[in-house]
Structures are given as structure tokens and as C-alpha cells.
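Student: Please see the structure below; I have some questions.
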Amino acid sequence: MKRKEAVNKLERLVRKVPTWLFITGAVVVLSFIALWLEGAEIQSFRDAVKVLFENAESIAIVTAVIFFFKEAPNRKAQKHYEAWQVIDHAAAAHVPTSYARIQALQDLIEDGVSLRGVNLPGAHLQEINLKGAVLISADLRSANLNGAILRGANLSGATLSSATLIDADLRGANLSIADLRGAVLGIANLRDADLHGADLQGANLDDADLRDAKLRSVNFNNADLRDADLRGADLHDADFHDANLCMADLRKAKNLIPVQVKSAQNWDKAIYDKAFRSHVGILLDTDPPERH
């Protein structure tokens, strides 16, 4: 990461130097080297000019190579501009499926470009590789992110309401303050994800395995889990401190213990199996309604 930052800093510095000045400096330096190498044979100004003409082709080739690398940042900037055009045009045209947009997004991420605030509502981004992407405050409402690689991505404050993330890899992702209302996560891989303060109202985590290769010690601190479907989820060491569990469905949840839910708000209004209700001291005259 530090190496990439150093390279990017060097590229910015090189771009600040005018091309004509850069090329002139390269020619002067190369000419000086050519004269220095032939120093013993140079007796007059005419000899010096002769040496320069004899080495003109070599100087030109080396200068062209230097110019190529000098213009690399400009070519990269042009590439980024064209990528953003593809993304913006697809969004403006409300095109759900665009393979060009997927490639453009991946190219930008590969070059370390921030996607902060990017607008991708309703976009079909199945299996896209967004590993380590900066997607702070991104609009991904109703986006199809099934099978997407979002490992280590920063989705803080992102809007993912009604998005589908089935089989998505969210290990190490930052979803703090993200809006996941109505999102379908299915068996999303969420190991080590930070869900501090996340709004998970209505999130579907039916049969999600939140321990084995999916999520260890998930942080649900202050998360809104009202109506969330956590049936069958493995909640080993999940932290529900101050989370809102009102009507959250925790039936058949694995490795759930009373001390976990009792650290949450409205834990007594969540839906549990009969045995667990008895274990935490909740007595109901009737069973909770079936959920589909």
C-alpha cells in the first residue's frame, strides 16, 4: 500500500513538470553523457557536434522511451476519465446490466481510485471484484451484488437498501452506518465485518453461517435489526450491545446464548424458539407467527 502511494506521489510530481522542459532536460543529460563517453576524442567544437550527430539516433530512442513514461500518468488520467464516463452514462441511461461498467469499476479500483459517492442504483454487478474498494456513501440501492467480492471494502454510510448480496464476500468490510434495510444477504461471507451502527432493519440473514468461514465475532453494536431474519444463523460471539432486536427472528439460531441478546434493546420482543424463550425467561401464551 505504501509503495503504491509512493508511486502515485511520484507520478503527480512528474505530471507537474512541463513536457517540453522534461524532454529538453532529458536531451541535455543524454548529450552530456555521450560527450563524456567520447571525451578523449573530442579536440574541438566540431568533434563535439560530430559525436552528437553520431549518437542522435540513440539519444532520440532513449528520449522517446523517457517521454513514454513521462506521459504514463496522463494516459492513466485519460483512462480514468473514460471509465467514469462509462459509469455515468450507464447510470444516466438506467441500464441495469453493463459489462463495460463492471470493467470500468474494476479498472478504477485496480488503480486505487476512490469510488466514494458513486451512484449505482439497480445496477447488476454480479461477481464483480470490488476488493478493498472505497465505496463510502455509495448509492447501491437495489443493486445485484450476488457473488461480489467486497472483501476489505469501505462501505461506511453506503446505501444498500433492497440490494441482494447472496454469496457476496464481505470479509473485513466496513459497513458502519450503512443502510441495509431490506437487503438480502443470504449466505454472504461476512467474517470480521464491522457492522457497528449499521441499519439492518429487515435484512434477510436466513440460514446465514456467521461463524464458520463467514463471520467471527460480528459487531452489531447499535445496529437496527428490527424485523431482521436471522433464522438458522450461526451467531457465535456476535455482539448485540444496544442493537434493536424488536421482532428480529432468531429461531433456530446457532450458538446464541442469553447474555448476547440481553445486551440488546428490545431483546424481549424478538422471536425465539420455545426452548430459548424459556431459557431467557420469556413466557408467551401463543407461539410467534410463522414467517416465510
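Chain lettering (A, B, ...) mirrors the order of the C-alpha cells, residue numbering begins at 1 for each chain separately, and ligand numbering begins at 1 in order of display.
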List as a VMD selection string the protein and nucleic acid residues near region 98-100 of chain A, meaning an atom at most 10 Å away when only C-alpha atoms are counted, but skip any in the same chain fewer than 5 places from it.
Tutor: chain A and resid 83 86 to 87 90 to 91 105 to 106 123 to 125 128
Student: Restricted to C-alpha atoms, what would the selected residues look like written as a compact mmCIF listing (two decimals), in the first residue's frame?
Tutor:
# COMPACT_ATOMS: atom_id res chain seq x y z
CA ALA A 83 -14.05 4.82 -17.14
CA VAL A 86 -18.93 4.69 -18.94
CA ILE A 87 -20.18 4.54 -15.34
CA ALA A 90 -24.87 3.72 -17.72
CA ALA A 91 -26.37 5.34 -14.62
CA LEU A 105 -15.28 -0.05 -11.94
CA GLN A 106 -12.68 -2.81 -11.59
CA ALA A 123 -27.00 -1.98 -11.18
CA HIS A 124 -26.37 -5.64 -11.95
CA LEU A 125 -22.88 -6.23 -10.57
CA ILE A 128 -17.74 -8.05 -9.59
Student: Looking only at strand (DSSP E or B) from DSSP on the backbone, list the matching residues of region 96-284 of chain A as a list in words.
Tutor: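 Here are the strand (DSSP E or B) residues of region 96-284 of chain A: Thr97, Asn119, His124, Asn129, Val134, Asp139, Asn144, Ile149, Asn154, Thr159, Thr164, Asp169, Asn174, Asp179, Val184, Asn189, Asp194, Asp199, Asn204, Asn219, Asp224, Asp229, Asp234, Asp239, Asn244, Asp249, Lys254, Gln265 and Ile271 of chain A.
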Student: Grab the residues selected above and save them as a CSV table (one decimal), in the first residue's frame with N, CA and C atoms.
Tutor:
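So the final result, stored in out_1.csv, reads:
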chain,number,residue,atom,x,y,z
A,97,THR,N,-27.8,-3.8,-16.6
A,97,THR,CA,-26.6,-4.7,-17.0
A,97,THR,C,-25.7,-4.0,-18.0
A,119,ASN,N,-22.8,6.5,-7.9
A,119,ASN,CA,-24.2,6.2,-8.0
A,119,ASN,C,-24.4,4.9,-8.9
A,124,HIS,N,-26.6,-4.2,-12.0
A,124,HIS,CA,-26.4,-5.6,-12.0
A,124,HIS,C,-24.8,-5.8,-11.9
A,129,ASN,N,-15.5,-7.8,-8.8
A,129,ASN,CA,-14.4,-7.7,-7.9
A,129,ASN,C,-14.2,-6.3,-7.4
A,134,VAL,N,-13.0,1.8,-2.0
A,134,VAL,CA,-13.5,2.8,-1.2
A,134,VAL,C,-14.9,3.2,-1.7
A,139,ASP,N,-24.2,4.9,-3.5
A,139,ASP,CA,-25.6,4.5,-3.7
A,139,ASP,C,-25.7,3.2,-4.5
A,144,ASN,N,-27.7,-5.6,-7.6
A,144,ASN,CA,-27.5,-7.0,-7.6
A,144,ASN,C,-26.0,-7.3,-7.4
A,149,ILE,N,-17.2,-9.7,-4.8
A,149,ILE,CA,-16.1,-9.7,-3.9
A,149,ILE,C,-15.9,-8.3,-3.3
A,154,ASN,N,-14.6,-0.5,2.0
A,154,ASN,CA,-15.1,0.5,2.9
A,154,ASN,C,-16.5,1.0,2.4
A,159,THR,N,-25.5,3.2,0.8
A,159,THR,CA,-26.9,2.8,0.8
A,159,THR,C,-27.1,1.5,0.0
A,164,THR,N,-29.2,-7.1,-3.2
A,164,THR,CA,-29.0,-8.6,-2.9
A,164,THR,C,-27.5,-8.9,-2.9
A,169,ASP,N,-18.7,-11.8,-0.8
A,169,ASP,CA,-17.6,-11.9,0.2
A,169,ASP,C,-17.4,-10.5,0.8
A,174,ASN,N,-16.1,-2.7,5.9
A,174,ASN,CA,-16.6,-1.7,6.9
A,174,ASN,C,-18.0,-1.3,6.4
A,179,ASP,N,-26.9,1.6,5.2
A,179,ASP,CA,-28.3,1.4,5.2
A,179,ASP,C,-28.6,0.1,4.4
A,184,VAL,N,-30.8,-8.4,1.1
A,184,VAL,CA,-30.8,-9.9,1.2
A,184,VAL,C,-29.4,-10.3,1.2
A,189,ASN,N,-20.5,-14.0,2.9
A,189,ASN,CA,-19.4,-14.2,3.8
A,189,ASN,C,-19.0,-12.9,4.4
A,194,ASP,N,-17.3,-5.2,10.0
A,194,ASP,CA,-17.6,-4.2,11.1
A,194,ASP,C,-19.0,-3.7,10.8
A,199,ASP,N,-27.6,0.0,9.9
A,199,ASP,CA,-29.0,-0.1,9.9
A,199,ASP,C,-29.4,-1.4,9.1
A,204,ASN,N,-32.3,-9.8,5.5
A,204,ASN,CA,-32.5,-11.3,5.4
A,204,ASN,C,-31.2,-12.0,5.6
A,219,ASN,N,-19.7,-7.5,14.9
A,219,ASN,CA,-20.1,-6.3,15.7
A,219,ASN,C,-21.4,-5.7,15.2
A,224,ASP,N,-29.6,-1.5,13.8
A,224,ASP,CA,-31.1,-1.6,13.8
A,224,ASP,C,-31.4,-3.0,13.2
A,229,ASP,N,-34.3,-11.1,9.6
A,229,ASP,CA,-34.5,-12.5,9.6
A,229,ASP,C,-33.2,-13.2,9.8
A,234,ASP,N,-25.6,-18.7,12.4
A,234,ASP,CA,-24.7,-19.1,13.5
A,234,ASP,C,-24.1,-17.8,14.0
A,239,ASP,N,-21.9,-9.7,18.8
A,239,ASP,CA,-22.1,-8.7,19.8
A,239,ASP,C,-23.3,-7.8,19.5
A,244,ASN,N,-31.1,-3.0,18.2
A,244,ASN,CA,-32.5,-3.1,18.3
A,244,ASN,C,-33.0,-4.4,17.8
A,249,ASP,N,-36.1,-12.2,14.0
A,249,ASP,CA,-36.4,-13.6,14.0
A,249,ASP,C,-35.1,-14.4,14.3
A,254,LYS,N,-27.9,-20.6,15.8
A,254,LYS,CA,-26.9,-21.5,16.4
A,254,LYS,C,-26.0,-20.7,17.3
A,265,GLN,N,-31.3,-3.9,22.9
A,265,GLN,CA,-32.5,-3.2,23.2
A,265,GLN,C,-33.7,-4.1,22.6
A,271,ILE,N,-38.1,-12.8,18.3
A,271,ILE,CA,-38.8,-14.1,18.1
A,271,ILE,C,-37.8,-15.2,18.3
Student: One decimal, in Å: what's the spacing between CA of Val95 (chain A) and CA of Ala163 (chain A)?
Tutor: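 Between CA of Val95 (chain A) and CA of Ala163 (chain A) the gap works out to 16.2 Å.
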Student: Select from region 42-291 of chain A everything DSSP, run on the backbone, classes as alpha helix (DSSP H), then give the selection as a ChimeraX atom specification.
Tutor: /A:45-54,56-70,72-92,99-110,258-261,274-280
Student: By how many Å are CA of Leu175 (chain A) and CA of Ala93 (chain A) apart?
Tutor: 28.4 Å
Student: Taking only C-alpha atoms into account, which of A:Ile166, A:Leu230, A:Ala223, A:Ala133 comes nearest Ala253 (chain A)?
Tutor: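 Of the candidates, the smallest distance to Ala253 (chain A) is held by A:Leu230.
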Student: Just want the 10 Å neighbourhood of Val51 (chain A), counted on only C-alpha atoms, with same-chain residues fewer than 5 positions away dropped. Output as a list of chain:residue names.
Tutor: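 Final neighbour list, sorted by chain and number: A:Ser31, A:Ala34, A:Leu35, A:Leu37, A:Glu38, A:Gly39, A:Glu41, A:Ile42, A:Phe45, A:Arg46, A:Ala56.
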Student: Got time to write the residues from that selection, N, CA and C atoms, as a PDB file, in the first residue's frame?
Tutor:
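Output (selection35.pdb):
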ATOM      1  N   SER A  31      22.939  14.066 -24.023  1.00  0.00           N
ATOM      2  CA  SER A  31      24.019  14.639 -24.840  1.00  0.00           C
ATOM      3  C   SER A  31      25.295  14.758 -24.011  1.00  0.00           C
ATOM      4  N   ALA A  34      26.857  11.364 -23.716  1.00  0.00           N
ATOM      5  CA  ALA A  34      27.510  10.962 -24.969  1.00  0.00           C
ATOM      6  C   ALA A  34      28.864  11.659 -25.120  1.00  0.00           C
ATOM      7  N   LEU A  35      28.920  12.951 -24.803  1.00  0.00           N
ATOM      8  CA  LEU A  35      30.179  13.706 -24.906  1.00  0.00           C
ATOM      9  C   LEU A  35      31.187  13.213 -23.872  1.00  0.00           C
ATOM     10  N   LEU A  37      31.425  10.193 -22.618  1.00  0.00           N
ATOM     11  CA  LEU A  37      31.943   8.886 -23.019  1.00  0.00           C
ATOM     12  C   LEU A  37      32.994   8.996 -24.122  1.00  0.00           C
ATOM     13  N   GLU A  38      32.865  10.022 -24.954  1.00  0.00           N
ATOM     14  CA  GLU A  38      33.811  10.217 -26.066  1.00  0.00           C
ATOM     15  C   GLU A  38      34.807  11.333 -25.742  1.00  0.00           C
ATOM     16  N   GLY A  39      34.963  11.641 -24.482  1.00  0.00           N
ATOM     17  CA  GLY A  39      35.770  12.798 -24.048  1.00  0.00           C
ATOM     18  C   GLY A  39      37.175  12.820 -24.590  1.00  0.00           C
ATOM     19  N   GLU A  41      38.384  11.771 -27.373  1.00  0.00           N
ATOM     20  CA  GLU A  41      38.478  12.005 -28.812  1.00  0.00           C
ATOM     21  C   GLU A  41      38.008  13.399 -29.220  1.00  0.00           C
ATOM     22  N   ILE A  42      37.450  14.154 -28.294  1.00  0.00           N
ATOM     23  CA  ILE A  42      36.930  15.481 -28.620  1.00  0.00           C
ATOM     24  C   ILE A  42      38.036  16.521 -28.441  1.00  0.00           C
ATOM     25  N   PHE A  45      35.132  21.969 -31.122  1.00  0.00           N
ATOM     26  CA  PHE A  45      33.663  22.059 -31.157  1.00  0.00           C
ATOM     27  C   PHE A  45      33.103  21.171 -32.267  1.00  0.00           C
ATOM     28  N   ARG A  46      33.849  21.108 -33.373  1.00  0.00           N
ATOM     29  CA  ARG A  46      33.410  20.274 -34.496  1.00  0.00           C
ATOM     30  C   ARG A  46      33.339  18.803 -34.082  1.00  0.00           C
ATOM     31  N   ALA A  56      22.809  10.685 -32.320  1.00  0.00           N
ATOM     32  CA  ALA A  56      21.475  11.305 -32.376  1.00  0.00           C
ATOM     33  C   ALA A  56      20.358  10.268 -32.322  1.00  0.00           C
TER      34      ALA A  56
END
Student: In Å to one decimal, how far is CA of Trp84 (chain A) from CA of Phe67 (chain A)?
Tutor: 26.1 Å
